[in-house]
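The file final-v7.txt contains compact mmCIF, C-alpha atoms:
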```txt
# COMPACT_ATOMS: atom_id res chain seq x y z
CA LEU A 1 56.53 -68.05 -49.59
CA GLN A 2 58.87 -65.23 -50.58
CA ASN A 3 58.10 -65.94 -54.24
CA ILE A 4 54.33 -65.62 -53.62
CA ARG A 5 54.89 -62.38 -51.70
CA ASP A 6 56.98 -60.91 -54.48
CA LYS A 7 54.37 -61.74 -57.13
CA SER A 8 51.49 -60.40 -54.98
CA GLN A 9 53.02 -56.91 -55.05
CA SER A 10 52.00 -56.31 -58.69
CA TRP A 11 49.11 -53.95 -59.54
CA ILE A 12 47.11 -56.84 -61.14
CA SER A 13 47.14 -58.89 -57.96
CA LYS A 14 46.20 -55.83 -55.86
CA ALA A 15 43.28 -55.07 -58.23
CA LEU A 16 42.16 -58.69 -58.07
CA VAL A 17 42.28 -58.73 -54.25
CA GLY A 18 40.44 -55.39 -54.14
CA LEU A 19 37.71 -56.75 -56.43
CA ILE A 20 37.30 -59.83 -54.25
CA VAL A 21 37.09 -57.67 -51.09
CA VAL A 22 34.44 -55.42 -52.66
CA LEU A 23 32.36 -58.42 -53.82
CA LEU A 24 32.58 -60.07 -50.42
CA ALA A 25 31.63 -56.80 -48.72
CA PHE A 26 28.48 -56.44 -50.83
CA THR A 27 27.39 -60.05 -50.47
CA GLY A 28 28.24 -59.98 -46.77
CA PHE A 29 26.05 -56.94 -46.13
CA GLU A 30 23.24 -58.44 -48.19
CA ALA A 31 23.44 -61.66 -46.19
CA ILE A 32 23.29 -59.73 -42.93
CA PHE A 33 20.26 -57.62 -43.89
CA ASN A 34 18.33 -60.29 -45.80
CA ASN A 35 19.03 -63.24 -43.52
CA PRO A 36 15.75 -64.97 -42.65
CA GLY A 37 17.15 -65.69 -39.21
CA ASN A 38 17.17 -61.95 -38.45
CA GLN A 39 13.48 -61.53 -39.18
CA GLN A 40 11.07 -61.50 -36.26
CA THR A 41 8.01 -62.29 -38.38
CA ALA A 42 6.17 -65.62 -38.20
CA ALA A 43 3.68 -64.75 -40.97
CA LYS A 44 2.17 -61.86 -42.90
CA VAL A 45 -1.58 -61.54 -43.32
CA ASN A 46 -2.58 -58.96 -45.93
CA GLY A 47 0.46 -56.87 -45.04
CA GLU A 48 0.06 -57.20 -41.25
CA GLU A 49 2.79 -59.12 -39.51
CA ILE A 50 2.37 -61.81 -36.90
CA SER A 51 5.49 -61.64 -34.77
CA LEU A 52 7.38 -64.59 -33.38
CA SER A 53 6.60 -63.33 -29.87
CA GLU A 54 2.85 -63.41 -30.65
CA LEU A 55 3.24 -66.95 -31.94
CA SER A 56 5.21 -68.01 -28.86
CA LEU A 57 2.51 -66.55 -26.61
CA ALA A 58 -0.21 -68.36 -28.57
CA VAL A 59 1.68 -71.67 -28.36
CA GLU A 60 2.11 -71.24 -24.61
CA MET A 61 -1.60 -70.39 -24.22
CA GLN A 62 -2.58 -73.56 -26.10
CA ARG A 63 -0.20 -75.60 -23.95
CA ARG A 64 -1.82 -74.14 -20.80
CA GLN A 65 -5.30 -74.92 -22.16
CA LEU A 66 -4.30 -78.54 -22.76
CA VAL A 67 -2.91 -78.86 -19.24
CA GLN A 68 -6.06 -77.26 -17.83
CA GLN A 69 -8.29 -79.51 -19.93
CA PHE A 70 -6.51 -82.77 -19.09
CA GLY A 71 -5.44 -81.94 -15.54
CA ARG A 72 -2.14 -81.30 -13.83
CA ASP A 73 -1.03 -84.91 -14.24
CA PHE A 74 -0.96 -84.46 -18.01
CA ASP A 75 2.53 -85.09 -19.41
CA THR A 76 3.40 -82.06 -21.55
CA SER A 77 6.28 -83.97 -23.18
CA LEU A 78 3.64 -85.88 -25.16
CA ILE A 79 2.68 -82.69 -27.00
CA ASP A 80 4.14 -82.36 -30.48
CA ASP A 81 5.56 -78.84 -30.53
CA GLY A 82 5.43 -78.67 -34.34
CA LEU A 83 1.72 -79.47 -34.44
CA LEU A 84 1.01 -77.11 -31.58
CA ARG A 85 2.97 -74.34 -33.31
CA ASN A 86 1.16 -74.91 -36.63
CA ALA A 87 -2.24 -74.91 -34.93
CA ALA A 88 -1.40 -71.71 -33.04
CA LEU A 89 -0.18 -70.02 -36.23
CA ASN A 90 -3.33 -71.04 -38.11
CA ASP A 91 -5.47 -69.67 -35.26
CA LEU A 92 -3.55 -66.38 -35.30
CA ILE A 93 -3.96 -66.09 -39.07
CA ASP A 94 -7.70 -66.80 -38.86
CA ARG A 95 -8.08 -64.29 -36.06
CA ARG A 96 -6.13 -61.62 -37.96
CA LEU A 97 -8.30 -62.19 -41.05
CA LEU A 98 -11.49 -61.85 -39.00
CA VAL A 99 -10.27 -58.64 -37.34
CA GLN A 100 -9.30 -57.22 -40.73
CA ALA A 101 -12.74 -58.09 -42.11
CA ALA A 102 -14.45 -56.48 -39.09
CA ARG A 103 -12.44 -53.28 -39.45
CA ALA A 104 -13.03 -53.22 -43.22
CA SER A 105 -16.76 -53.47 -42.49
CA ASP A 106 -16.46 -50.44 -40.19
CA PHE A 107 -17.12 -52.29 -36.94
CA ALA A 108 -15.62 -50.44 -34.01
CA LEU A 109 -15.49 -50.32 -30.24
CA SER A 110 -14.81 -47.17 -28.25
CA GLN A 111 -12.21 -47.20 -25.51
CA ALA A 112 -14.89 -46.12 -23.01
CA ALA A 113 -17.02 -49.15 -23.91
CA LEU A 114 -13.98 -51.40 -23.56
CA ASP A 115 -13.28 -49.88 -20.14
CA GLN A 116 -16.89 -50.54 -19.07
CA ILE A 117 -16.66 -54.18 -20.15
CA ILE A 118 -13.47 -54.64 -18.14
CA LEU A 119 -14.92 -52.87 -15.09
CA GLN A 120 -18.06 -55.04 -15.17
CA THR A 121 -16.31 -58.39 -15.66
CA PRO A 122 -16.95 -60.48 -12.52
CA GLU A 123 -13.50 -62.11 -12.62
CA PHE A 124 -11.91 -58.70 -12.02
CA GLN A 125 -14.10 -57.76 -9.07
CA GLU A 126 -13.75 -58.18 -5.33
CA ASN A 127 -16.82 -57.59 -3.17
CA GLY A 128 -18.75 -56.35 -6.20
CA GLN A 129 -16.18 -53.65 -7.05
CA PHE A 130 -13.49 -53.63 -9.71
CA SER A 131 -10.08 -54.44 -8.27
CA ALA A 132 -6.98 -53.39 -10.20
CA ALA A 133 -4.88 -55.89 -8.26
CA ARG A 134 -7.28 -58.72 -9.11
CA PHE A 135 -7.33 -57.58 -12.76
CA ASP A 136 -3.53 -57.63 -12.93
CA GLN A 137 -3.38 -61.04 -11.24
CA VAL A 138 -5.91 -62.63 -13.61
CA ILE A 139 -4.40 -61.28 -16.81
CA ARG A 140 -0.88 -62.18 -15.64
CA GLN A 141 -2.06 -65.77 -15.13
CA MET A 142 -3.40 -65.68 -18.67
CA GLY A 143 0.00 -64.51 -19.92
CA TYR A 144 -0.99 -60.96 -20.88
CA GLY A 145 0.03 -57.46 -19.97
CA ARG A 146 -2.59 -54.74 -19.64
CA LEU A 147 -2.22 -53.42 -23.19
CA GLN A 148 -2.07 -56.90 -24.68
CA PHE A 149 -5.24 -57.88 -22.83
CA ARG A 150 -7.09 -54.75 -23.96
CA GLN A 151 -6.07 -55.39 -27.57
CA MET A 152 -7.09 -59.05 -27.36
CA LEU A 153 -10.44 -58.15 -25.79
CA GLU A 154 -11.12 -55.47 -28.40
CA GLU A 155 -10.33 -57.96 -31.18
CA GLU A 156 -12.63 -60.56 -29.59
CA ILE A 157 -15.48 -58.06 -29.46
CA LEU A 158 -14.89 -56.97 -33.08
CA ILE A 159 -14.91 -60.60 -34.19
CA GLY A 160 -18.12 -61.16 -32.21
CA GLN A 161 -19.71 -58.14 -33.88
CA LEU A 162 -18.76 -59.46 -37.32
CA GLN A 163 -20.05 -62.96 -36.57
CA ALA A 164 -23.31 -61.58 -35.15
CA ALA A 165 -23.80 -59.39 -38.21
CA ILE A 166 -23.27 -62.32 -40.55
CA ALA A 167 -25.54 -64.59 -38.52
CA GLY A 168 -28.19 -61.87 -38.26
CA SER A 169 -28.15 -61.17 -41.97
CA GLY A 170 -29.12 -64.72 -42.94
CA PHE A 171 -32.60 -65.43 -44.19
CA VAL A 172 -34.58 -68.50 -45.14
CA THR A 173 -36.97 -68.66 -48.03
CA GLU A 174 -40.19 -70.59 -47.89
```
Could I get this structure in the form of structure tokens?
Amino acid sequence: LQNIRDKSQSWISKALVGLIVVLLAFTGFEAIFNNPGNQQTAAKVNGEEISLSELSLAVEMQRRQLVQQFGRDFDTSLIDDGLLRNAALNDLIDRRLLVQAARASDFALSQAALDQIILQTPEFQENGQFSAARFDQVIRQMGYGRLQFRQMLEEEILIGQLQAAIAGSGFVTE
């Protein structure tokens, strides 16, 4: 060991160790910043990201829909998480494409109109009046916060506008 220590004191060995340290430092930083595990993106649709949290929420919503459709006795362990995740991701991509197409076609919805739709929704009313507590309870059961719900509702309406415009623009020749 003393022999190795004596030979490692030369300027060539110090330069070699310094070069190795510098190379490892650069590749180490690159691995940290470019590691796919650090990314929080499930997919990109025309430059817009679909986050992993959005995907997780969509998967959970689909799981709830299956339980609701088949009843409480439905065994959720029978669900293939990979298939459910792929289906949810495809739905999110389709939805994002439709919203992008609606916005590109200049479809819009004012915040006042969105507020009116929420205020007039029967599920959010008690005794014929809008109830903020009921609204919060219903959207919480759906897995949304207030802002998430407003964004989802706005996107649904934009998609509906786009679909209605396409359906209304069709014609049939004799």
Best match for closeness to A:Arg85 among A:Asn127, A:Ser56, A:Gln68, A:Asn3, counting only C-alpha atoms: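 Checking each candidate against A:Arg85, we get A:Ser56 as the closest.
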Please put the answer as JSON: centre and edge lengths, in Å with one decimal, of a box along x, y and z that encloses all listed atoms of stretch 111-130 of chain A plus 5 Å on each side.
```
{"center_x": -15.3, "center_y": -54.1, "center_z": -14.3, "size_x": 16.8, "size_y": 26.0, "size_z": 32.3}
```
Near-A:Gly47 list (12 Å; only C-alpha atoms; drop same-chain fewer than 2 positions) as a PyMOL selection string: chain A and resi 41+43-45+49-50+93+96-97+100
With only C-alpha atoms as the counted atoms, please give the residues lying no more than 7 Å from stretch 134-138 of chain A, apart from itself and same-chain residues fewer than 3 positions off, as a compact mmCIF listing (two decimals) with C-alpha atoms, in the frame of the given file.
```txt
# COMPACT_ATOMS: atom_id res chain seq x y z
CA PHE A 124 -11.91 -58.70 -12.02
CA GLN A 125 -14.10 -57.76 -9.07
CA SER A 131 -10.08 -54.44 -8.27
CA GLN A 141 -2.06 -65.77 -15.13
CA MET A 142 -3.40 -65.68 -18.67
```
Residues near stretch 151-156 of chain A, cut-off 10 Å, all atoms listed in the file, skip fewer than 4 positions along chain, as a PyMOL selection string: chain A and resi 95-96+98-100+102-103+108-111+113-114+117-118+144-147+160-162
Pick from A:Leu23, A:Leu92, A:Ala165, A:Ile12 nearest to A:Ala42, counting all atoms listed in the file: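 Looking only at the distances to A:Ala42, the closest residue turns out to be A:Leu92.
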Neighbour list for A:Asp80 as a PyMOL selection string, cut-off 12 Å, only C-alpha atoms, skip fewer than 6 positions in-chain: chain A and resi 59+62-63+86-87
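One distance worth recording is that between atom CA of A:Ser53 and atom CA of A:Ala133, which is 25.6 Å.
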